[in-house]
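*Asks:* Supplied in structure tokens, the structure appears directly below.
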Amino acid sequence: MQIIVTILLWFSAIGCGLLAGLYFAFSTFIMAALARIDQAHGIAAMNSINATILGSLFMPLFFGTTLTGAALATLALFRWGEPGAAVMLAGGLVYVIGMFLVTVIYNVPLNNELARTGAAEVWSRYLKDWTFWNHVRTVTSAAAMALFIAAIALRRGLA
């Protein structure tokens with residue numbers, strides 16, 4: 001079981017890091033670049049990104065990291081006396097709540113509204129709201145990565 005937990009921790013840490021990097025790119029320059037171009041082109045570009053991402057390697061990483069994060073949080077409860085269990089639980093909860101639920105509750109509905117309407121009047125609100133929630137996903141993905149790395153270190157007696 002120790003090997004399985006270690007593999008899940010490494011997968012989750014790497015997955016969280018990759019997703020944090022992607023979200024960071026959107027938060028720091030992609031959304032700003034889309035806001036600088038003509039609204040119709042910005043809307044078309046974002047709708048294209050949203051449609052393309054569904055068929056990309058992002059989706060298995062997105063769902064896989066969510067599943068392993070939830071599994072690690074659950075395992076931490078059953079292995080509470082072991083080193084790193086508390087940070088493993090925290091990493092799983094931060095990721096599942098701060099990344100996955102935020103995506104499902106906020107970012108995806110905003111994407112769907114943009115795709116459905118394609119309206120310029122939706123665009124300025126979309127840019128502001130979607131980017132705010134993406135900042136949350138960026139920070140929580142990076143925090144979860146750090147917590148999973150801390151759990152790895154604690155389990156190895158390095159911290």
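By order in the structure tokens, chains are A, B, ...; within a chain, residues start at 1; ligands start at 1, following the order shown.
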Name the residues in contact with segment 55-72 of chain A at a cut-off of 9 Å, using only C-alpha atoms, excluding same-chain residues fewer than 6 positions from it; report them as a PyMOL selection string.
*Replies:* chain A and resi 5+8-9+11-16+18-19+85+88-89+91-96+99-100+144
*Asks:* Deliver the residues from the most recent selection as a file, using C-alpha atoms, as a JSON list (two decimals), in the first residue's frame.
*Replies:*
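selection_25.json written:
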[["chain", "number", "residue", "atom", "x", "y", "z"],
["A", 5, "VAL", "CA", 0.21, 5.93, -2.00],
["A", 8, "LEU", "CA", -0.60, 8.53, -6.25],
["A", 9, "LEU", "CA", 1.23, 11.36, -4.49],
["A", 11, "PHE", "CA", 1.03, 11.60, -9.99],
["A", 12, "SER", "CA", -1.07, 14.15, -8.10],
["A", 13, "ALA", "CA", 1.85, 16.50, -7.47],
["A", 14, "ILE", "CA", 2.89, 16.42, -11.13],
["A", 15, "GLY", "CA", -0.71, 16.72, -12.36],
["A", 16, "CYS", "CA", -1.41, 19.65, -10.05],
["A", 18, "LEU", "CA", 0.96, 20.91, -14.87],
["A", 19, "LEU", "CA", -2.56, 22.22, -14.40],
["A", 85, "ALA", "CA", -1.44, 12.17, 6.35],
["A", 88, "MET", "CA", -2.12, 14.62, 2.08],
["A", 89, "LEU", "CA", -5.70, 15.23, 3.26],
["A", 91, "GLY", "CA", -3.81, 18.63, -0.62],
["A", 92, "GLY", "CA", -6.69, 16.47, -1.76],
["A", 93, "LEU", "CA", -9.33, 18.77, -0.29],
["A", 94, "VAL", "CA", -7.70, 21.96, -1.59],
["A", 95, "TYR", "CA", -7.46, 20.48, -5.07],
["A", 96, "VAL", "CA", -10.90, 18.89, -5.30],
["A", 99, "MET", "CA", -9.88, 23.39, -8.62],
["A", 100, "PHE", "CA", -12.46, 20.77, -9.56],
["A", 144, "ALA", "CA", -2.17, 21.26, -3.66]]
*Asks:* Contacts of segment 108-114 of chain A at 9 Å or less, counting only C-alpha atoms, minus same-chain residues fewer than 2 places along, as a VMD selection string?
*Replies:* chain A and resid 43 46 to 47 50 102 to 106 116 to 119 122 to 123 126 129 to 130
*Asks:* Nearest residue to Gly81 of chain A out of A:Gln39, A:Ser27, A:Arg155, A:Ser141, using only C-alpha atoms?
*Replies:*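 For Gly81 of chain A, the nearest of the given residues is A:Arg155.
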*Asks:* Could you tell me which of A:Ala35, A:Gly17, A:Asn107, A:Leu54 comes closest to His135 of chain A if we count only C-alpha atoms?
*Replies:*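 Closest residue, counting only C-alpha atoms: A:Asn107.
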*Asks:* So how many Å separate atom CA of Gly21 of chain A and atom CA of Arg137 of chain A, to one decimal?
*Replies:* 10.3 Å
*Asks:* Run DSSP on the backbone and give me the residues of chain A it puts in alpha helix (DSSP H), as a ChimeraX atom specification.
*Replies:* /A:2-25,31-36,39-53,58-78,85-95,102,108-117,120-155
*Asks:* Select, from A:Ile30, A:Ala20, A:Ile152, A:Ile7, the residue with the minimum atom-to-atom distance to Ala86 of chain A, counting only C-alpha atoms.
*Replies:*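 With only C-alpha atoms as the atom set, the closest residue is A:Ile152.
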*Asks:* Let me make sure I understand: among A:Phe29, A:Val87, A:Leu22, A:Ile49, which one has the smallest atom-to-atom distance to Ala150 of chain A if we use only C-alpha atoms?
*Replies:*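 Selected residue with least distance to Ala150 of chain A: A:Val87.
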*Asks:* Which residue, A:Gln2, A:Ser124, A:Thr28, A:Asn134, has the smallest gap to Gly42 of chain A when you use only C-alpha atoms?
*Replies:*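 Closest residue, counting only C-alpha atoms: A:Ser124.
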*Asks:* Using only C-alpha atoms, which of A:Ala142, A:Glu121, A:Arg156, A:Phe78 sits nearest Ala40 of chain A?
*Replies:*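 The answer is A:Glu121, which sits nearest to Ala40 of chain A.
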